[in-house]
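Shown next, in structure tokens, is the structure this report addresses.
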Amino acid sequence: MAMAATLLVCSAALAADQPNVVILATGGTIAGAGADVTNSATYQAAKVPVDKLIAGIPQLNTVAAVRGEQVFQIASESLTNANLVTLAKRVAALVKQNDVDGIVITHGTDTLEETAYFLNLVVRTDKPIVVVGSMRPGTAMSADGTLNLFNAVSVAASKDARGKGVLVTMNDEINSGRDVAKMVNLRTEAFKSPWGPLGMVVEGKNYWFRLPAKRHTRHSEFDIDKIDTLPSVEIAYGAGNASDTAYRAFAANGAKAIVHAGTGNGSVSSAVVPSLQELRGKGIQIIRSSHVNAGGFVLRNAEQPDDKYDWVVAHDLNPQKARILALVALTKTQDSKELQRIFWEY
């Protein structure tokens, strides 16, 4: 009896010493279900609630005291700007609590990189925030969500993950939410950074290789507590035989900025340049990015005379991440030079 009592006391003390991690669920494949165990690519996303995700991994209790909240239950391609603001405000509120040591956000993979970057820009904290998803539903025989979620909780509970910005933990890698992108679909190694991962997580232990160089979270000039709405920013795709139709349509529909997803070094078709000059003259910000999959790096005044046209270059951000930074930056400034400074720093 005395030994049993001692074990109970030790267990209670261990639980009290555990870090507290909140899982915010938004839906996606990690909460998806297929009709058969052989369905790894055909399934319905956003079907499994967060309490069932947590209950399916009892080993989570070995790394943290975990509780969950269902923020949304949608496929991530349907996330709106309003959803981003709602999620970020909830994260910001939670990280202010003394009884929260880390946050995990389960998310669909289609726009996971965008949400991770948005949080990286607007949530001021050094507590770990980890965004996680899966490429296959939990019903598939090759499901990756269980280990991804366990690793995400493990990273969020780790003191050595503090101060590194918003992280994405999938396929055993720890990537910066700023850099990482979905490079391929269907395969579990879908998410990569053009500059390499920050580290690896193996059996609940983190191994770090590099640190983020750009401003983020605690050192950001942006604060979600001061942002309630986001402006309209659109992306127009550059390709052979490109026309100005999309750019003009976006402008007519109220876009405050247009991200040009250009070929190569953010190249702009000669048929499109005059229209972009005209739109800039009307006050619409023009941001040149590259849709090169493995990491487009747009050099200012190289492909186009950006200074002359008063355009902004996206640096190494892909078009969708350039849109996210423009959304946030335009809540503070309409000045193109300030926007360019922000793109260099973040």
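Identifiers for the structure tokens are assigned positionally: chains receive A, B, ... in sequence, residues are indexed from 1 per chain, and ligands are indexed from 1 in the order shown.
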
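Summary of the local environment: counting only C-alpha atoms, residues at most 8 Å from Trp195 of chain A, other than itself and those fewer than 2 positions away along its chain, are A:Asp179, A:Ser193, A:Pro197.
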
May I have a table of the residues of segment 149-190 of chain A lying at most 8 Å from segment 18-37 of chain A, giving each one's closest pair of atoms and their distance in Å to one decimal, counting only C-alpha atoms, ordered by chain and ascending residue number, as a tab-separated table?
```
residue	atom	partner	partner_atom	distance
A:Val153	CA	A:Val21	CA	6.9
A:Ala156	CA	A:Val21	CA	6.8
A:Ala157	CA	A:Pro19	CA	5.6
```

Go ahead and dump the residues you just picked, C-alpha atoms, as a short mmCIF file (atom, residue, chain, number, x, y, z; two decimals), in the first residue's frame.
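Output saved as again_36.cif:
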```cif
data_model
loop_
_atom_site.label_atom_id
_atom_site.label_comp_id
_atom_site.auth_asym_id
_atom_site.auth_seq_id
_atom_site.Cartn_x
_atom_site.Cartn_y
_atom_site.Cartn_z
CA VAL A 153 3.41 18.12 -29.53
CA ALA A 156 5.86 22.43 -28.81
CA ALA A 157 6.61 21.07 -25.33
#
```

Please, which residues in segment 41-111 of chain A fall within 12 Å of segment 321-338 of chain A when counting only C-alpha atoms, and what is the closest atom pair and distance in Å to one decimal for each, ordered by chain then residue number, as a tab-separated table?
```
residue	atom	partner	partner_atom	distance
A:Thr80	CA	A:Ile324	CA	11.7
A:Asn81	CA	A:Leu327	CA	8.9
A:Ala82	CA	A:Leu327	CA	11.7
A:Leu84	CA	A:Ile324	CA	10.1
A:Val85	CA	A:Val328	CA	10.5
A:Thr111	CA	A:Lys321	CA	9.9
```

Extract the full set of helix (DSSP H, G or I) residues from segment 160-257 of chain A according to DSSP on the backbone, and format it as a VMD selection string. chain A and resid 160 to 161 217 to 219 224 to 226 245 to 252

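For the residues A:Ser290, A:Thr125, A:Ser134, A:Asn206, ranking by smallest atom-to-atom distance to Ala239 of chain A using only C-alpha atoms places A:Ser290 first.
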
Could you check how far atom CA of Pro305 of chain A sits from atom CA of Pro231 of chain A, in Å to one decimal?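 Separation of atom CA of Pro305 of chain A and atom CA of Pro231 of chain A: 26.4 Å.
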
Which residue gives the smallest distance to Lys226 of chain A among A:Val184, A:Lys89, A:Ser270, A:Phe250, with only C-alpha atoms counted? A:Lys89

Nearest residue to Thr169 of chain A from the set A:Arg187, A:Arg288, A:Lys256, A:Lys192 (distances using only C-alpha atoms): A:Lys192

Residues near segment 106-108 of chain A, anyone? I mean within 12 Å using only C-alpha atoms, not counting same-chain ones fewer than 4 positions away, as a ChimeraX atom specification. /A:22-32,44-50,53-54,68-79,84,87,112-116,129-137,145-146,148-150,152-153,168-170,182

May I have the residues from that selection written out with C-alpha atoms, as a PDB file, in the first residue's frame?
```pdb
ATOM      1  CA  VAL A  22      -2.906  23.244 -26.466  1.00  0.00           C
ATOM      2  CA  ILE A  23      -3.868  21.666 -29.790  1.00  0.00           C
ATOM      3  CA  LEU A  24      -5.970  23.967 -31.961  1.00  0.00           C
ATOM      4  CA  ALA A  25      -7.673  21.949 -34.684  1.00  0.00           C
ATOM      5  CA  THR A  26      -8.740  23.471 -37.994  1.00  0.00           C
ATOM      6  CA  GLY A  27      -9.502  20.374 -40.091  1.00  0.00           C
ATOM      7  CA  GLY A  28      -7.580  19.149 -43.115  1.00  0.00           C
ATOM      8  CA  THR A  29      -6.280  15.730 -44.121  1.00  0.00           C
ATOM      9  CA  ILE A  30      -4.935  15.034 -40.642  1.00  0.00           C
ATOM     10  CA  ALA A  31      -8.608  14.990 -39.627  1.00  0.00           C
ATOM     11  CA  GLY A  32      -9.676  13.176 -42.793  1.00  0.00           C
ATOM     12  CA  GLN A  44     -12.866  13.457 -47.168  1.00  0.00           C
ATOM     13  CA  ALA A  45     -10.874  16.051 -45.256  1.00  0.00           C
ATOM     14  CA  ALA A  46     -11.913  17.621 -41.950  1.00  0.00           C
ATOM     15  CA  LYS A  47     -14.047  14.785 -40.579  1.00  0.00           C
ATOM     16  CA  VAL A  48     -12.390  13.767 -37.284  1.00  0.00           C
ATOM     17  CA  PRO A  49     -12.789  16.117 -34.270  1.00  0.00           C
ATOM     18  CA  VAL A  50      -9.816  17.105 -32.132  1.00  0.00           C
ATOM     19  CA  LEU A  53      -7.276  12.878 -32.688  1.00  0.00           C
ATOM     20  CA  ILE A  54      -5.897  13.255 -29.150  1.00  0.00           C
ATOM     21  CA  GLY A  68      -7.635  20.492 -27.541  1.00  0.00           C
ATOM     22  CA  GLU A  69      -9.924  23.100 -29.079  1.00  0.00           C
ATOM     23  CA  GLN A  70     -11.807  22.844 -32.360  1.00  0.00           C
ATOM     24  CA  VAL A  71     -11.334  26.258 -33.982  1.00  0.00           C
ATOM     25  CA  PHE A  72     -12.538  25.270 -37.461  1.00  0.00           C
ATOM     26  CA  GLN A  73     -13.347  22.030 -39.243  1.00  0.00           C
ATOM     27  CA  ILE A  74     -12.669  22.814 -42.887  1.00  0.00           C
ATOM     28  CA  ALA A  75     -10.368  21.861 -45.734  1.00  0.00           C
ATOM     29  CA  SER A  76      -7.547  24.394 -45.819  1.00  0.00           C
ATOM     30  CA  GLU A  77      -8.090  25.527 -49.416  1.00  0.00           C
ATOM     31  CA  SER A  78     -11.292  27.145 -48.105  1.00  0.00           C
ATOM     32  CA  LEU A  79      -9.594  29.180 -45.359  1.00  0.00           C
ATOM     33  CA  LEU A  84      -6.541  33.634 -40.378  1.00  0.00           C
ATOM     34  CA  LEU A  87      -6.989  31.724 -35.504  1.00  0.00           C
ATOM     35  CA  LEU A 112      -0.536  25.181 -44.235  1.00  0.00           C
ATOM     36  CA  GLU A 113       2.541  27.161 -45.273  1.00  0.00           C
ATOM     37  CA  GLU A 114       0.479  30.347 -45.561  1.00  0.00           C
ATOM     38  CA  THR A 115      -1.037  30.034 -42.095  1.00  0.00           C
ATOM     39  CA  ALA A 116       2.333  29.198 -40.559  1.00  0.00           C
ATOM     40  CA  ILE A 129       3.977  27.412 -32.062  1.00  0.00           C
ATOM     41  CA  VAL A 130       3.950  24.334 -34.291  1.00  0.00           C
ATOM     42  CA  VAL A 131       1.728  23.854 -37.341  1.00  0.00           C
ATOM     43  CA  VAL A 132       1.226  20.267 -38.437  1.00  0.00           C
ATOM     44  CA  GLY A 133      -0.711  18.316 -41.027  1.00  0.00           C
ATOM     45  CA  SER A 134      -0.582  15.031 -42.856  1.00  0.00           C
ATOM     46  CA  MET A 135      -0.512  13.927 -46.446  1.00  0.00           C
ATOM     47  CA  ARG A 136      -2.672  10.864 -45.822  1.00  0.00           C
ATOM     48  CA  PRO A 137      -5.834  10.393 -43.764  1.00  0.00           C
ATOM     49  CA  GLY A 145      -0.696  12.007 -39.197  1.00  0.00           C
ATOM     50  CA  THR A 146      -0.228  10.126 -35.922  1.00  0.00           C
ATOM     51  CA  ASN A 148       3.419  13.985 -37.230  1.00  0.00           C
ATOM     52  CA  LEU A 149       1.090  15.058 -34.425  1.00  0.00           C
ATOM     53  CA  PHE A 150       3.142  13.302 -31.741  1.00  0.00           C
ATOM     54  CA  ALA A 152       4.524  18.391 -33.156  1.00  0.00           C
ATOM     55  CA  VAL A 153       3.408  18.121 -29.527  1.00  0.00           C
ATOM     56  CA  VAL A 168       6.206  23.145 -39.165  1.00  0.00           C
ATOM     57  CA  THR A 169       6.902  19.585 -38.038  1.00  0.00           C
ATOM     58  CA  MET A 170       6.175  16.891 -40.609  1.00  0.00           C
ATOM     59  CA  LYS A 182       4.418  22.169 -50.117  1.00  0.00           C
TER      60      LYS A 182
END
```

Could you pull out the residues in segment 87-187 of chain A that DSSP calls strand (DSSP E) from the backbone, as a list in words?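 Answer for segment 87-187 of chain A, restricted to strand (DSSP E): Gly102, Ile103, Val104, Ile105, Thr106, Ile129, Val130, Val131, Val132, Val166, Leu167, Val168, Thr169, Met170, Glu173, Ile174, Asn175, Ser176, Ala181 and Lys182 of chain A.
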
Minimum-distance residue to Asp316 of chain A, chosen among A:Val298, A:Val123, A:Val100, A:Ala251 (using only C-alpha atoms):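 Looking at the shortest contact to Asp316 of chain A, the residue is A:Val298.
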